[in-house]
Structure formats: C-alpha cells, structure tokens
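Coordinates from run.cif are shown below (mmCIF, C-alpha atoms).
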```
data_data
loop_
_atom_site.label_atom_id
_atom_site.label_comp_id
_atom_site.auth_asym_id
_atom_site.auth_seq_id
_atom_site.Cartn_x
_atom_site.Cartn_y
_atom_site.Cartn_z
CA MET A 883 0.00 0.00 0.00
CA THR A 884 1.17 3.47 -0.86
CA VAL A 885 -0.09 6.85 0.36
CA ILE A 886 0.99 9.96 -1.54
CA ASN A 887 -0.08 13.58 -1.05
CA LYS A 888 0.68 16.29 -3.57
CA VAL A 889 -0.54 19.87 -3.82
CA PHE A 890 -0.58 21.56 -7.20
CA THR A 891 -1.36 25.16 -8.06
CA VAL A 892 -3.48 26.56 -10.86
CA LYS A 893 -3.50 30.24 -11.79
CA THR A 894 -7.12 31.32 -12.11
CA GLN A 895 -8.98 34.44 -13.16
CA GLY A 896 -11.93 34.10 -10.80
CA TYR A 897 -15.55 35.02 -11.69
CA CYS A 898 -16.59 31.46 -12.41
CA ASP A 899 -13.35 30.46 -14.09
CA LEU A 900 -13.88 26.79 -14.98
CA ILE A 901 -10.57 25.04 -15.63
CA ASN A 902 -9.88 21.53 -16.90
CA ILE A 903 -7.40 19.98 -14.45
CA THR A 904 -7.62 16.40 -15.69
CA GLU A 905 -4.08 16.36 -17.05
CA HIS A 906 -2.60 17.74 -13.82
CA VAL A 907 -4.19 14.89 -11.91
CA ALA A 908 -3.34 12.22 -14.51
CA LEU A 909 0.33 13.24 -14.44
CA ILE A 910 0.52 13.05 -10.64
CA LEU A 911 -1.10 9.62 -10.81
CA ALA A 912 1.33 8.43 -13.49
CA ASP A 913 4.32 9.72 -11.49
CA SER A 914 3.11 7.86 -8.40
CA GLY A 915 3.47 4.48 -10.02
CA VAL A 916 0.46 3.26 -8.05
CA GLY A 917 -1.69 0.87 -10.09
CA ALA A 918 -5.07 0.52 -8.39
CA GLY A 919 -6.78 2.63 -5.77
CA VAL A 920 -8.49 5.98 -5.29
CA VAL A 921 -7.49 9.54 -6.20
CA THR A 922 -9.00 12.00 -3.72
CA LEU A 923 -9.13 15.65 -4.78
CA PHE A 924 -9.83 18.57 -2.47
CA VAL A 925 -9.70 22.24 -3.38
CA ILE A 926 -8.20 24.35 -0.59
CA GLY A 927 -10.22 27.49 0.10
CA SER A 928 -13.86 28.45 0.50
CA THR A 929 -14.55 30.15 -2.84
CA ALA A 930 -13.80 27.28 -5.22
CA ALA A 931 -15.18 23.81 -5.93
CA LEU A 932 -14.63 20.66 -7.97
CA THR A 933 -16.84 18.67 -10.32
CA THR A 934 -16.69 16.80 -13.60
CA PHE A 935 -18.25 17.65 -16.96
CA GLU A 936 -17.58 17.45 -20.67
CA TYR A 937 -15.08 20.25 -21.05
CA GLU A 938 -16.16 22.10 -24.19
CA PRO A 939 -17.06 25.80 -24.55
CA GLY A 940 -20.80 25.16 -24.67
CA VAL A 941 -20.98 23.40 -21.31
CA VAL A 942 -18.59 25.97 -19.81
CA ARG A 943 -21.05 28.72 -20.79
CA ASP A 944 -24.04 26.66 -19.63
CA MET A 945 -22.46 26.15 -16.20
CA ASN A 946 -21.65 29.86 -15.93
CA GLU A 947 -25.28 30.69 -16.66
CA LEU A 948 -26.53 28.03 -14.27
CA TYR A 949 -24.45 29.32 -11.34
CA GLU A 950 -25.56 32.88 -12.16
CA LYS A 951 -29.21 31.76 -12.13
CA LEU A 952 -28.92 29.82 -8.87
CA VAL A 953 -26.56 32.21 -7.04
CA PRO A 954 -26.47 35.62 -8.79
CA MET A 955 -23.37 37.77 -8.39
CA LYS A 956 -25.30 40.97 -7.70
CA LYS A 957 -27.95 39.84 -5.25
CA GLY A 958 -26.37 41.25 -2.09
CA TYR A 959 -25.05 38.75 0.46
CA HIS A 960 -24.77 38.89 4.23
CA HIS A 961 -21.17 37.75 3.94
CA ASP A 962 -20.33 40.99 2.14
CA ALA A 963 -21.85 43.00 4.97
CA THR A 964 -19.74 41.07 7.50
CA TRP A 965 -16.35 41.72 5.96
CA GLY A 966 -16.87 44.51 3.45
CA ASP A 967 -16.13 41.86 0.82
CA ALA A 968 -17.92 41.59 -2.48
CA ASN A 969 -17.57 37.86 -3.01
CA GLY A 970 -20.52 36.49 -1.07
CA PHE A 971 -21.80 34.83 -4.23
CA SER A 972 -18.57 32.88 -4.60
CA HIS A 973 -18.82 31.44 -1.08
CA ALA A 974 -22.38 30.29 -1.66
CA ARG A 975 -21.62 28.78 -5.07
CA ALA A 976 -18.60 26.90 -3.70
CA ALA A 977 -20.54 25.51 -0.73
CA LEU A 978 -23.36 24.33 -3.00
CA GLN A 979 -21.05 22.63 -5.52
CA GLY A 980 -18.71 21.11 -2.92
CA PRO A 981 -14.91 20.86 -2.52
CA SER A 982 -14.07 17.19 -3.01
CA LEU A 983 -14.08 14.33 -5.52
CA ALA A 984 -13.01 10.70 -5.14
CA ILE A 985 -12.11 8.79 -8.30
CA PRO A 986 -11.14 5.09 -8.42
CA PHE A 987 -8.34 4.04 -10.77
CA GLU A 988 -7.03 0.76 -12.20
CA GLY A 989 -3.94 0.11 -14.30
CA GLY A 990 -2.86 3.65 -13.48
CA ARG A 991 -5.93 5.16 -15.20
CA MET A 992 -8.85 6.90 -13.55
CA PHE A 993 -12.33 5.57 -14.36
CA LEU A 994 -13.34 8.74 -16.20
CA GLY A 995 -15.66 8.68 -19.17
CA THR A 996 -14.27 9.64 -22.57
CA TRP A 997 -16.04 13.00 -22.42
CA GLN A 998 -15.73 13.50 -18.68
CA GLN A 999 -13.11 15.92 -17.41
CA ILE A 1000 -12.18 17.04 -13.88
CA VAL A 1001 -13.00 20.72 -13.52
CA LEU A 1002 -11.83 23.30 -11.00
CA CYS A 1003 -14.50 25.99 -10.46
CA ASP A 1004 -12.98 29.23 -9.18
CA PHE A 1005 -15.92 31.37 -8.13
CA ASP A 1006 -13.96 34.16 -6.41
CA ASN A 1007 -14.07 37.77 -7.58
CA GLN A 1008 -10.34 37.91 -8.30
CA GLY A 1009 -7.62 35.73 -9.78
CA ARG A 1010 -5.73 33.43 -7.46
CA ASP A 1011 -3.02 30.84 -7.25
CA ARG A 1012 -5.49 28.11 -6.40
CA LYS A 1013 -4.20 25.01 -4.61
CA ILE A 1014 -5.65 21.53 -5.04
CA ALA A 1015 -4.67 18.71 -2.68
CA VAL A 1016 -4.35 15.29 -4.33
CA ASN A 1017 -4.16 12.08 -2.37
CA ILE A 1018 -3.33 8.80 -4.08
CA MET A 1019 -3.87 5.66 -2.07
CA GLY A 1020 -3.60 2.13 -3.39
CA GLU A 1021 -1.18 -0.54 -4.44
CA MET B 1484 -5.04 -3.94 3.41
CA THR B 1485 -7.07 -4.82 0.37
CA VAL B 1486 -7.85 -2.75 -2.73
CA ILE B 1487 -10.64 -3.94 -5.02
CA ASN B 1488 -12.10 -2.26 -8.10
CA LYS B 1489 -15.32 -3.40 -9.73
CA VAL B 1490 -17.43 -1.85 -12.45
CA PHE B 1491 -21.11 -2.70 -12.62
CA THR B 1492 -23.67 -1.74 -15.23
CA VAL B 1493 -27.23 -0.53 -14.80
CA LYS B 1494 -29.69 -0.28 -17.66
CA THR B 1495 -31.32 3.14 -17.49
CA GLN B 1496 -34.08 4.98 -19.31
CA GLY B 1497 -32.59 8.46 -19.09
CA TYR B 1498 -34.65 11.66 -18.55
CA CYS B 1499 -33.88 11.87 -14.85
CA ASP B 1500 -34.11 8.16 -14.23
CA LEU B 1501 -33.36 7.81 -10.51
CA ILE B 1502 -32.34 4.25 -9.65
CA ASN B 1503 -31.67 2.68 -6.26
CA ILE B 1504 -28.26 0.97 -6.54
CA THR B 1505 -27.76 0.23 -2.84
CA GLU B 1506 -28.06 -3.53 -3.28
CA HIS B 1507 -25.56 -3.60 -6.16
CA VAL B 1508 -23.01 -1.90 -3.93
CA ALA B 1509 -23.82 -3.95 -0.81
CA LEU B 1510 -23.34 -7.19 -2.77
CA ILE B 1511 -19.95 -6.12 -4.12
CA LEU B 1512 -18.93 -5.16 -0.59
CA ALA B 1513 -20.11 -8.51 0.82
CA ASP B 1514 -18.25 -10.42 -1.92
CA SER B 1515 -15.05 -8.54 -1.15
CA GLY B 1516 -14.83 -9.92 2.37
CA VAL B 1517 -13.31 -6.63 3.53
CA GLY B 1518 -14.51 -5.66 7.01
CA ALA B 1519 -13.68 -1.99 7.58
CA GLY B 1520 -12.80 0.81 5.20
CA VAL B 1521 -14.33 3.03 2.55
CA VAL B 1522 -16.47 2.31 -0.51
CA THR B 1523 -15.82 4.91 -3.21
CA LEU B 1524 -18.41 5.20 -5.98
CA PHE B 1525 -17.92 7.07 -9.24
CA VAL B 1526 -20.33 7.17 -12.16
CA ILE B 1527 -18.55 7.02 -15.50
CA GLY B 1528 -19.86 9.59 -17.98
CA SER B 1529 -20.83 13.25 -17.96
CA THR B 1530 -24.62 13.01 -17.97
CA ALA B 1531 -25.18 11.09 -14.73
CA ALA B 1532 -24.55 11.64 -11.04
CA LEU B 1533 -24.76 9.97 -7.62
CA THR B 1534 -26.39 10.94 -4.36
CA THR B 1535 -28.33 9.42 -1.47
CA PHE B 1536 -31.96 9.86 -0.50
CA GLU B 1537 -34.91 7.98 0.93
CA TYR B 1538 -35.90 5.94 -2.10
CA GLU B 1539 -39.69 6.14 -2.20
CA PRO B 1540 -41.89 7.39 -5.06
CA GLY B 1541 -42.61 10.73 -3.43
CA VAL B 1542 -38.96 11.78 -3.12
CA VAL B 1543 -38.27 10.44 -6.63
CA ARG B 1544 -40.95 12.80 -7.98
CA ASP B 1545 -39.73 15.66 -5.80
CA MET B 1546 -36.18 15.29 -7.11
CA ASN B 1547 -37.44 15.15 -10.70
CA GLU B 1548 -39.31 18.40 -10.13
CA LEU B 1549 -36.34 19.99 -8.38
CA TYR B 1550 -33.93 19.22 -11.21
CA GLU B 1551 -36.49 20.52 -13.71
CA LYS B 1552 -36.84 23.75 -11.74
CA LEU B 1553 -33.10 24.30 -11.37
CA VAL B 1554 -32.04 23.07 -14.84
CA PRO B 1555 -35.07 22.90 -17.17
CA MET B 1556 -34.96 20.47 -20.07
CA LYS B 1557 -36.29 22.95 -22.63
CA LYS B 1558 -34.30 26.08 -21.84
CA GLY B 1559 -31.86 25.89 -24.76
CA TYR B 1560 -28.22 25.14 -23.90
CA HIS B 1561 -24.97 26.18 -25.55
CA HIS B 1562 -23.84 22.56 -25.43
CA ASP B 1563 -26.64 21.66 -27.81
CA ALA B 1564 -25.48 24.32 -30.26
CA THR B 1565 -21.93 22.92 -30.13
CA TRP B 1566 -22.75 19.35 -31.05
CA GLY B 1567 -26.27 19.36 -32.38
CA ASP B 1568 -27.17 17.41 -29.25
CA ALA B 1569 -30.30 17.93 -27.25
CA ASN B 1570 -28.98 16.87 -23.85
CA GLY B 1571 -27.39 20.09 -22.59
CA PHE B 1572 -29.67 19.98 -19.55
CA SER B 1573 -28.34 16.56 -18.59
CA HIS B 1574 -24.72 17.77 -18.62
CA ALA B 1575 -25.54 20.72 -16.38
CA ARG B 1576 -27.61 18.63 -13.96
CA ALA B 1577 -24.86 16.02 -13.66
CA ALA B 1578 -22.15 18.63 -13.05
CA LEU B 1579 -24.23 20.30 -10.34
CA GLN B 1580 -25.07 17.07 -8.52
CA GLY B 1581 -21.58 15.53 -8.83
CA PRO B 1582 -20.23 12.09 -9.83
CA SER B 1583 -18.78 10.60 -6.64
CA LEU B 1584 -19.65 9.36 -3.16
CA ALA B 1585 -17.43 7.98 -0.40
CA ILE B 1586 -19.06 5.79 2.25
CA PRO B 1587 -17.24 4.31 5.28
CA PHE B 1588 -18.11 0.77 6.34
CA GLU B 1589 -17.55 -1.42 9.41
CA GLY B 1590 -18.33 -5.10 9.93
CA GLY B 1591 -18.95 -5.30 6.19
CA ARG B 1592 -21.85 -2.82 6.39
CA MET B 1593 -21.92 0.72 5.04
CA PHE B 1594 -22.84 3.48 7.48
CA LEU B 1595 -26.11 4.27 5.68
CA GLY B 1596 -29.19 5.41 7.52
CA THR B 1597 -32.20 3.11 7.62
CA TRP B 1598 -34.02 5.29 5.07
CA GLN B 1599 -30.96 6.35 3.11
CA GLN B 1600 -30.34 4.70 -0.24
CA ILE B 1601 -27.59 5.18 -2.83
CA VAL B 1602 -29.15 6.60 -5.99
CA LEU B 1603 -27.87 6.75 -9.55
CA CYS B 1604 -29.26 9.79 -11.39
CA ASP B 1605 -29.27 9.29 -15.15
CA PHE B 1606 -30.04 12.69 -16.63
CA ASP B 1607 -29.35 11.85 -20.27
CA ASN B 1608 -32.01 12.08 -22.98
CA GLN B 1609 -31.80 8.40 -23.86
CA GLY B 1610 -31.44 5.05 -22.13
CA ARG B 1611 -27.94 3.73 -21.52
CA ASP B 1612 -25.93 0.92 -20.07
CA ARG B 1613 -24.58 3.09 -17.33
CA LYS B 1614 -21.32 2.05 -15.65
CA ILE B 1615 -20.47 2.75 -12.01
CA ALA B 1616 -16.93 2.21 -10.72
CA VAL B 1617 -16.72 0.85 -7.17
CA ASN B 1618 -13.53 0.87 -5.15
CA ILE B 1619 -13.32 -0.96 -1.83
CA MET B 1620 -10.31 -0.22 0.32
CA GLY B 1621 -9.78 -1.44 3.84
CA GLU B 1622 -8.89 -4.43 5.93
CA MET C 736 -1.53 1.31 6.96
CA THR C 737 -4.24 2.03 9.48
CA VAL C 738 -8.02 2.02 9.07
CA ILE C 739 -10.12 3.65 11.77
CA ASN C 740 -13.87 4.23 11.88
CA LYS C 741 -15.52 6.50 14.42
CA VAL C 742 -19.08 7.79 14.67
CA PHE C 743 -19.72 11.03 16.52
CA THR C 744 -23.02 12.66 17.39
CA VAL C 745 -24.06 16.29 17.14
CA LYS C 746 -27.23 17.65 18.71
CA THR C 747 -29.02 19.73 16.09
CA GLN C 748 -32.09 21.95 15.95
CA GLY C 749 -33.12 21.16 12.39
CA TYR C 750 -34.58 23.71 9.93
CA CYS C 751 -31.34 24.30 8.11
CA ASP C 752 -29.15 24.17 11.20
CA LEU C 753 -25.62 24.66 9.84
CA ILE C 754 -23.03 23.48 12.36
CA ASN C 755 -19.24 23.78 12.27
CA ILE C 756 -17.89 20.26 12.93
CA THR C 757 -14.25 20.94 12.00
CA GLU C 758 -12.99 20.52 15.57
CA HIS C 759 -14.83 17.21 16.05
CA VAL C 760 -13.07 15.84 12.99
CA ALA C 761 -9.67 17.34 13.81
CA LEU C 762 -9.76 15.76 17.29
CA ILE C 763 -10.58 12.31 15.92
CA LEU C 764 -7.75 12.69 13.43
CA ALA C 765 -5.30 13.76 16.17
CA ASP C 766 -6.35 10.85 18.39
CA SER C 767 -5.77 8.40 15.54
CA GLY C 768 -2.07 9.18 15.33
CA VAL C 769 -2.20 8.63 11.58
CA GLY C 770 0.05 11.08 9.72
CA ALA C 771 -0.90 11.03 6.04
CA GLY C 772 -4.00 9.82 4.24
CA VAL C 773 -7.67 10.66 3.74
CA VAL C 774 -10.48 11.52 6.14
CA THR C 775 -13.82 10.37 4.72
CA LEU C 776 -16.95 11.90 6.25
CA PHE C 777 -20.48 10.64 5.74
CA VAL C 778 -23.61 11.90 7.45
CA ILE C 779 -25.98 9.08 8.37
CA GLY C 780 -29.59 9.84 7.42
CA SER C 781 -31.47 11.28 4.48
CA THR C 782 -32.27 14.78 5.74
CA ALA C 783 -28.77 16.10 6.34
CA ALA C 784 -25.68 16.85 4.24
CA LEU C 785 -22.04 17.94 4.45
CA THR C 786 -20.08 20.72 2.79
CA THR C 787 -17.37 23.27 3.56
CA PHE C 788 -17.61 27.04 3.79
CA GLU C 789 -16.22 29.98 5.74
CA TYR C 790 -18.15 29.58 8.95
CA GLU C 791 -19.24 33.11 9.88
CA PRO C 792 -22.79 34.37 10.50
CA GLY C 793 -23.07 36.08 7.11
CA VAL C 794 -22.41 32.93 5.08
CA VAL C 795 -24.65 30.92 7.41
CA ARG C 796 -27.52 33.31 6.59
CA ASP C 797 -26.64 33.34 2.89
CA MET C 798 -26.75 29.53 2.75
CA ASN C 799 -30.08 29.47 4.60
CA GLU C 800 -31.52 31.88 2.04
CA LEU C 801 -30.00 29.94 -0.86
CA TYR C 802 -31.51 26.61 0.24
CA GLU C 803 -34.86 28.36 0.79
CA LYS C 804 -34.71 29.83 -2.73
CA LEU C 805 -33.75 26.54 -4.39
CA VAL C 806 -35.91 24.21 -2.26
CA PRO C 807 -38.56 26.20 -0.37
CA MET C 808 -39.94 24.77 2.87
CA LYS C 809 -43.58 25.49 2.03
CA LYS C 810 -43.84 24.36 -1.58
CA GLY C 811 -45.66 21.09 -0.96
CA TYR C 812 -43.71 17.89 -1.66
CA HIS C 813 -44.81 14.47 -2.83
CA HIS C 814 -42.81 12.92 0.00
CA ASP C 815 -45.13 14.60 2.50
CA ALA C 816 -48.15 13.08 0.77
CA THR C 817 -46.55 9.62 0.96
CA TRP C 818 -45.91 9.54 4.69
CA GLY C 819 -47.93 12.38 6.16
CA ASP C 820 -44.57 13.98 6.90
CA ALA C 821 -43.84 17.67 6.53
CA ASN C 822 -40.12 17.43 5.81
CA GLY C 823 -40.10 16.84 2.06
CA PHE C 824 -37.99 19.97 1.60
CA SER C 825 -35.30 18.55 3.87
CA HIS C 826 -35.00 15.34 1.82
CA ALA C 827 -34.62 17.31 -1.42
CA ARG C 828 -32.09 19.73 0.07
CA ALA C 829 -29.99 16.90 1.49
CA ALA C 830 -29.98 14.97 -1.80
CA LEU C 831 -28.92 18.06 -3.74
CA GLN C 832 -26.10 18.98 -1.36
CA GLY C 833 -24.84 15.41 -0.85
CA PRO C 834 -23.83 13.30 2.17
CA SER C 835 -20.05 12.81 1.86
CA LEU C 836 -16.70 14.61 1.85
CA ALA C 837 -13.17 13.26 1.39
CA ILE C 838 -10.31 15.36 2.74
CA PRO C 839 -6.61 14.48 2.37
CA PHE C 840 -4.29 15.13 5.32
CA GLU C 841 -0.53 15.32 5.92
CA GLY C 842 1.40 15.69 9.17
CA GLY C 843 -1.88 14.96 10.95
CA ARG C 844 -3.53 18.10 9.49
CA MET C 845 -6.32 18.23 6.93
CA PHE C 846 -5.67 20.31 3.80
CA LEU C 847 -8.35 22.85 4.72
CA GLY C 848 -8.04 26.52 3.84
CA THR C 849 -7.65 29.01 6.68
CA TRP C 850 -11.24 30.17 6.25
CA GLN C 851 -12.68 26.81 5.23
CA GLN C 852 -14.65 24.85 7.81
CA ILE C 853 -16.43 21.50 7.61
CA VAL C 854 -20.17 22.09 8.01
CA LEU C 855 -23.00 19.72 8.91
CA CYS C 856 -26.29 20.85 7.32
CA ASP C 857 -29.28 19.51 9.22
CA PHE C 858 -32.27 20.23 7.01
CA ASP C 859 -34.87 18.24 8.95
CA ASN C 860 -37.93 19.84 10.54
CA GLN C 861 -36.96 18.80 14.06
CA GLY C 862 -33.90 18.57 16.24
CA ARG C 863 -31.94 15.33 16.18
CA ASP C 864 -28.93 13.52 17.56
CA ARG C 865 -27.22 13.51 14.19
CA LYS C 866 -24.52 10.88 13.57
CA ILE C 867 -21.52 11.42 11.32
CA ALA C 868 -19.31 8.49 10.30
CA VAL C 869 -15.60 9.30 10.07
CA ASN C 870 -13.10 7.02 8.39
CA ILE C 871 -9.38 7.67 8.67
CA MET C 872 -7.15 5.69 6.36
CA GLY C 873 -3.44 6.21 5.91
CA GLU C 874 -0.05 5.66 7.50
#
```

Can the structure from this file be put into structure tokens for me?
Amino acid sequence: MTVINKVFTVKTQGYCDLINITEHVALILADSGVGAGVVTLFVIGSTAALTTFEYEPGVVRDMNELYEKLVPMKKGYHHDATWGDANGFSHARAALQGPSLAIPFEGGRMFLGTWQQIVLCDFDNQGRDRKIAVNIMGE
Amino acid sequence: MTVINKVFTVKTQGYCDLINITEHVALILADSGVGAGVVTLFVIGSTAALTTFEYEPGVVRDMNELYEKLVPMKKGYHHDATWGDANGFSHARAALQGPSLAIPFEGGRMFLGTWQQIVLCDFDNQGRDRKIAVNIMGE
Amino acid sequence: MTVINKVFTVKTQGYCDLINITEHVALILADSGVGAGVVTLFVIGSTAALTTFEYEPGVVRDMNELYEKLVPMKKGYHHDATWGDANGFSHARAALQGPSLAIPFEGGRMFLGTWQQIVLCDFDNQGRDRKIAVNIMGE
C-alpha cells in the first residue's frame, strides 16, 4: 500500500473560471506508479469547488449561466456586509457545488468517461493561485 | 489492506431516471470480504450523477421536479449548439449534482441510515448501459 | 496502513441548522495518530448533508436563504403526501447537497483553507442527535 499527497497550483482568473485539471491529476497519478486505488481531490479554500463535466465551450457557458441563475453575483449577500467583501456569491456557489471528488483508478488510469473531465471551479471575484490537494492511495 | 475495483452496469431509461443501486453496492462489498474501510463510488460519464436519499416514489418525484426547476430540459443550452445534441440539460444537472460518493463501512456494512439509499441519477435524454466504478479499500 | 472508523453525534435543531464540525473531525484525526491519508466523512440519514464554507454568521444566513430559494420549505412535496410527513424539503435539500466529503491530510492536518470549515447541514424539521461516520485511512 502506498499513500501519496501532492498539492498543485493553478492560476485562475476568478468570476466562475472553470478550468480543466484532468491532465494535472493524470500526471501526478502516473508519477506515483500506483496501479489501483483511489485519487482524492480537495480544493483548498472556501470560494472554489470541484466537479466533472464534458469540457467544451458550450458546457462551460451553460455552467456559468446556471451558477448565475442559482446564485447571482449581484444579489447582495450577508457575507459581504460582515467583511466589506464583495464575493458572497462565490462562497455560496462553492458551498453548494462542494470541494471534493473521489475517483477510483485501475492500471494507473482513472475511471473517467471519454467526455468527462475534472473541472476546477474558481468562483472568487479575483484571480488566485489556487491550490488543489491530491491524495493517491492504493497498491 | 485490500484494494478492489469493480465496475457494474445498470440499464437506465434516461430523462432523470433515478435508480436505487444500494443492493448492487452492498453485494460487491459482501463479496469482497473486507470488514472496515471506505467504498468509493464514481459514475462514468458526464450526464449522470450519484447521491443518497430515501428511495420512495414521493422523493423520486420531488427530485425530478427539483432538477427541472433548477435546470429545465427545454431552456436551450450552448452545449446543444456545439454538437447538435439535445442533452445540454443533462450535462448541467450532472455537473451540479456531482459524480462521486465515499461511504465508510464497518463489519462489512456501510454506514447508511435506515431510510438512506444510494441513488444513480441518469439525466441523459436516452437510455444507456450506465457504468459505475466501485472501489473498496480497507482491511 | 491504518483504518479507523468512528461515529460522533451532534445535537441539532433542524430547519437548516448549519453546524461547524471541524474541531470534532480534527480531534478524531489527532487521536488516531495517523500522519498522512484521507479523512472520509459521511452523514448518516437522508435529511442532512455535508459541505465546507467559511463559517461566519453572514455565510450561514446566505446559505439558509439559498436553500430556501432553491428548495422552499412550504412548496408542498410528494414525499409529505406519501408519509404524512412535513419534511419533504429537507430530503430534497440533502440529496442536492450530498452526504459525503473526502479530505486528504498530511502531518496529521487536513488540507483545509484558513477560512474553510467543515459544516454539517441539518435540514430536517426537528432537532436530532445527528450521527456522522468518520473514516481515517493512511499511515
């Protein structure tokens, strides 16, 4: 059994920046040499989230519009009143979408669909160096 | 420590077909002979998701109505314009709900509530042979 | 490799009671003596969920308002017709948010952001002794 933790950083632009991180994760998995197990992903911070979707410009726009419908940027949030921030929407979007994914793998390959990519959702109102923790456990 | 991967297939009808897969998972866990650890579930593909709820017809209808309210089938999605598809809604629903679950178990039994079932959500606009990857890790 | 399961209980008030459980989890992790691996959290029951957010009163109110917008308490749910219950909204909210989180850790510390707390969401329409299963796996 092997347990490996890595943290990688992605430069983001914020405002619902949806970024395909599949290759980052696949490379860390390949480097680990672990054959079968689970990749656990966790985005560090409270204004970003993780999910999977077919990463093409149409779905990227659809997800932007969906988050705007469910959690509009301009609504006015209590969080903004607390801190004088203006990113209340990004906290609520991140909490709703959730910070973690767990993906089994076999033969060094994650069980992703052909059109299924791992996507970092940076909802903040500014760019960031966003950190994602990756744990690989298996044998 | 033991690491086991299995993939099982469920025949679905699409259009928000919500299917109780608890017994599929419980059988794979029982066959593994592993006593304590974590079951990780991941649905392969970008138009389906996983969650848990009390699997009775009322909640099934409520969840259908909720997904329709949040992500209507007929709205018109950019994904559909990209590919000439008509399943943009199913991509957005799947991304919002998320593809993975992680469930601890002890004595060969998952820590599910009495009225809490594992549910596959097939949001696509056609039936499929839907594949779910199951990883069992523990001792 | 070590595998540890613990279940802890939190007294809740229901009605979208959002409770910071970070310290509960951190203490169980510290007690385990395991250095590197993954903490898997799963809330037992079908009317509660888990997520992370910056736990301050503004975000707590924002999340209450968001759940009320997406899944209103008073809408009338098919689940309530099935059982004569009145907590259909809490089932739908819990299913949408999801029951599990997986958080990598290193040096005995979870990879949480400074302003990122683990939050139990009790959506039920009554107080409960809510049980959360915690699995720690690693070395």

Applied to the shown file, which residues does the PyMOL selection byres ((chain C) within 8 of (chain A)) return, written as number ranges by chain? C: 736, 771-773, 786-789, 791-794, 796-798, 801, 805, 832, 836-841, 846-851, 873-874

Go ahead and dump the residues you just picked, C-alpha atoms, as a PDB file, keeping the file's coordinate frame.
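Wrote again_15.pdb, looks like this:
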```pdb
ATOM      1  CA  MET C 736      -1.530   1.310   6.960  1.00  0.00           C
ATOM      2  CA  ALA C 771      -0.900  11.030   6.040  1.00  0.00           C
ATOM      3  CA  GLY C 772      -4.000   9.820   4.240  1.00  0.00           C
ATOM      4  CA  VAL C 773      -7.670  10.660   3.740  1.00  0.00           C
ATOM      5  CA  THR C 786     -20.080  20.720   2.790  1.00  0.00           C
ATOM      6  CA  THR C 787     -17.370  23.270   3.560  1.00  0.00           C
ATOM      7  CA  PHE C 788     -17.610  27.040   3.790  1.00  0.00           C
ATOM      8  CA  GLU C 789     -16.220  29.980   5.740  1.00  0.00           C
ATOM      9  CA  GLU C 791     -19.240  33.110   9.880  1.00  0.00           C
ATOM     10  CA  PRO C 792     -22.790  34.370  10.500  1.00  0.00           C
ATOM     11  CA  GLY C 793     -23.070  36.080   7.110  1.00  0.00           C
ATOM     12  CA  VAL C 794     -22.410  32.930   5.080  1.00  0.00           C
ATOM     13  CA  ARG C 796     -27.520  33.310   6.590  1.00  0.00           C
ATOM     14  CA  ASP C 797     -26.640  33.340   2.890  1.00  0.00           C
ATOM     15  CA  MET C 798     -26.750  29.530   2.750  1.00  0.00           C
ATOM     16  CA  LEU C 801     -30.000  29.940  -0.860  1.00  0.00           C
ATOM     17  CA  LEU C 805     -33.750  26.540  -4.390  1.00  0.00           C
ATOM     18  CA  GLN C 832     -26.100  18.980  -1.360  1.00  0.00           C
ATOM     19  CA  LEU C 836     -16.700  14.610   1.850  1.00  0.00           C
ATOM     20  CA  ALA C 837     -13.170  13.260   1.390  1.00  0.00           C
ATOM     21  CA  ILE C 838     -10.310  15.360   2.740  1.00  0.00           C
ATOM     22  CA  PRO C 839      -6.610  14.480   2.370  1.00  0.00           C
ATOM     23  CA  PHE C 840      -4.290  15.130   5.320  1.00  0.00           C
ATOM     24  CA  GLU C 841      -0.530  15.320   5.920  1.00  0.00           C
ATOM     25  CA  PHE C 846      -5.670  20.310   3.800  1.00  0.00           C
ATOM     26  CA  LEU C 847      -8.350  22.850   4.720  1.00  0.00           C
ATOM     27  CA  GLY C 848      -8.040  26.520   3.840  1.00  0.00           C
ATOM     28  CA  THR C 849      -7.650  29.010   6.680  1.00  0.00           C
ATOM     29  CA  TRP C 850     -11.240  30.170   6.250  1.00  0.00           C
ATOM     30  CA  GLN C 851     -12.680  26.810   5.230  1.00  0.00           C
ATOM     31  CA  GLY C 873      -3.440   6.210   5.910  1.00  0.00           C
ATOM     32  CA  GLU C 874      -0.050   5.660   7.500  1.00  0.00           C
TER      33      GLU C 874
END
```

Distance of atom CA of Asn969 of chain A from atom CA of Cys898 of chain A, expressed in Å to one decimal place: 11.4 Å

Considering all atoms listed in the file, state which residue in the set A:Pro954, A:Gly990, A:Gly966, A:Gly896 is at the smallest distance from Asp913 of chain A. A:Gly990

Coordinates-based distance that separates atom CA of Phe890 of chain A from atom CA of Leu911 of chain A (Å, one decimal):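 Answer for the atom CA of Leu911 of chain A to atom CA of Phe890 of chain A separation: 12.5 Å.
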
Rounded to one decimal place, report the atom CA of Ser1573 of chain B-atom CA of Glu1548 of chain B distance in Å.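 According to the coordinates, atom CA of Ser1573 of chain B and atom CA of Glu1548 of chain B are separated by 14.0 Å.
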
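Those residues returned by the PyMOL selection byres ((chain B and resi 1604) around 7) for this file are Cys1499, Asp1500, Leu1501, Ile1502, Ala1531, Ala1532, Leu1533, Val1602, Leu1603, Asp1605 and Phe1606 of chain B.
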